[in-house]
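Note sheet for the following structure.
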Amino acid sequence: MPKTTDLQATQRALEWSDLAIILAICRAQSLSGAARLLGKTHSTVFRNINAIEEKTGVRFFDRFDHGYMMTDAGRTAMDYAERIEGEFHALGLEVFGQDARLSGRLRITCPEAFAEDHAPGLVARFLAHHPDIQIDVTPGHGALDLNRREAEIAIRATRAPPETSFGRKICAFRFALYATESYLASAPDRPLAEHPFCLIEGTAPWLVPTVWKTREEGEDRAVFQCRASRAVQNAAAEGLGLTFLPCYVGDADPRLLRISDPIRNLDMELWVLTHPDLRNAARVRAMMAFLYEALGAEADLWGGLRGKTSARNFLPREAT
């Protein structure tokens, strides 16, 4: 059997970029999903994986109409790729954590409404004292992975922050029911559970059993659902029905009335979090100290203490 030359071995060797493509397809189990993870087009990922398999002479995936399934070689490649990815991110965290300069870029993730209404003002105040720092704000309710450096700082409403995070609880974070005055006038005697609701997609179970007995009952009453919290807020403001919102959002909207006290079984806490390895990075430390003070100064806003419940109170707090 002829020996493999150094040139042939080099040509067949997997590179990290190859493993990143294989890992994305393993996780997404489809080319379209992998393309979204990688920020590439479907056709580019298709060409990439075919070229990798041709170069290495290894079939990493079986192709089916419903998606791509890993072969044994694909599972092995995924295991190695995840270990390499972990080491790569650990290196980045360690290097970033050693940075002592009050300059550079910071990525912050926070809820959508917070990003629109509060983050710009907070960033402006912070940058007035630290002009060499750049801030990227990513809105969203899903927790970005601090371990994988998707963000350096997270502002989150939660009952239990990840054990792998470092940070501080700021204050209580509460929700209440809201609707327009005109909508309420159109349904003066309707029981709470029979009202149509505008909901963030997937949150119907949050109001079980406070409003509905089952998730299915709640989903049946959902006249409008959307992943975007602002869209849900605006749908309620158009008079489509009731909604539940963080008090800091609903209380600030002049189109809406608060029609319940803060709902006890939805109580959360507002946290500012980072990865433990980043806690001593100068710009992370400076921003977190700023957020602790700035957000804490408005604890009554996040905790729903500034707003006033209307005369029509569907859920007195002592009843929830």
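Just so we're on the same page: first chain in the structure tokens is A, next is B, and so on; residues restart at 1 for each chain, and ligands are numbered from 1 in the order they show up.
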Determine which residues of segment 44-291 of chain A DSSP labels as helix (DSSP H, G or I) from the backbone of this structure, then write them out as number ranges by chain. A: 44-56, 72-97, 112-117, 119-129, 181-186, 192-194, 204-207, 215-221, 229-237, 247-250, 264-266, 276-278, 282-291
DSSP strand (DSSP E or B) residues within segment 35-151 of chain A, listed as a list in words: Phe61, Asp62, Arg63, Phe64, Gly67, Tyr68, Met69, Met70, Gly104, Arg105, Leu106, Arg107, Ile108, Thr109, Cys110, Ile133, Gln134, Ile135, Asp136, Val137, Thr138 and Pro139 of chain A
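With only C-alpha atoms as the atoms that count, the minimum distance from Gln233 of chain A to the choices A:Ile200, A:Ala281, A:Trp212, A:Glu219 is reached by A:Ile200.
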Distance query Thr158 of chain A at most 7 Å, only C-alpha atoms, self and fewer than 2 positions along chain excluded, as a compact mmCIF listing (two decimals) with N, CA, C and O atoms, in the first residue's frame:
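The resulting file, out01.txt, is reproduced below:
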```txt
# COMPACT_ATOMS: atom_id res chain seq x y z
N ARG A 156 -31.10 40.81 33.27
CA ARG A 156 -32.10 39.77 33.14
C ARG A 156 -33.11 39.80 34.29
O ARG A 156 -32.73 40.01 35.45
N ALA A 160 -33.97 32.57 39.00
CA ALA A 160 -32.76 31.82 39.34
C ALA A 160 -31.70 32.06 38.27
O ALA A 160 -31.73 31.43 37.21
N PRO A 161 -30.76 32.98 38.49
CA PRO A 161 -29.71 33.20 37.50
C PRO A 161 -28.83 31.97 37.36
O PRO A 161 -28.74 31.16 38.29
N MET A 268 -40.45 38.19 39.83
CA MET A 268 -39.07 37.82 39.52
C MET A 268 -38.13 38.80 40.19
O MET A 268 -38.55 39.64 40.99
N GLU A 269 -36.86 38.71 39.85
CA GLU A 269 -35.84 39.64 40.34
C GLU A 269 -35.04 40.15 39.16
O GLU A 269 -34.82 39.42 38.19
N LEU A 270 -34.63 41.40 39.24
CA LEU A 270 -33.79 41.99 38.21
C LEU A 270 -32.33 41.79 38.60
O LEU A 270 -31.91 42.15 39.70
```
When distances are computed from only C-alpha atoms, which of A:Lys40, A:Lys169, A:Arg227, A:His275 shows the smallest separation from Glu150 of chain A? A:His275
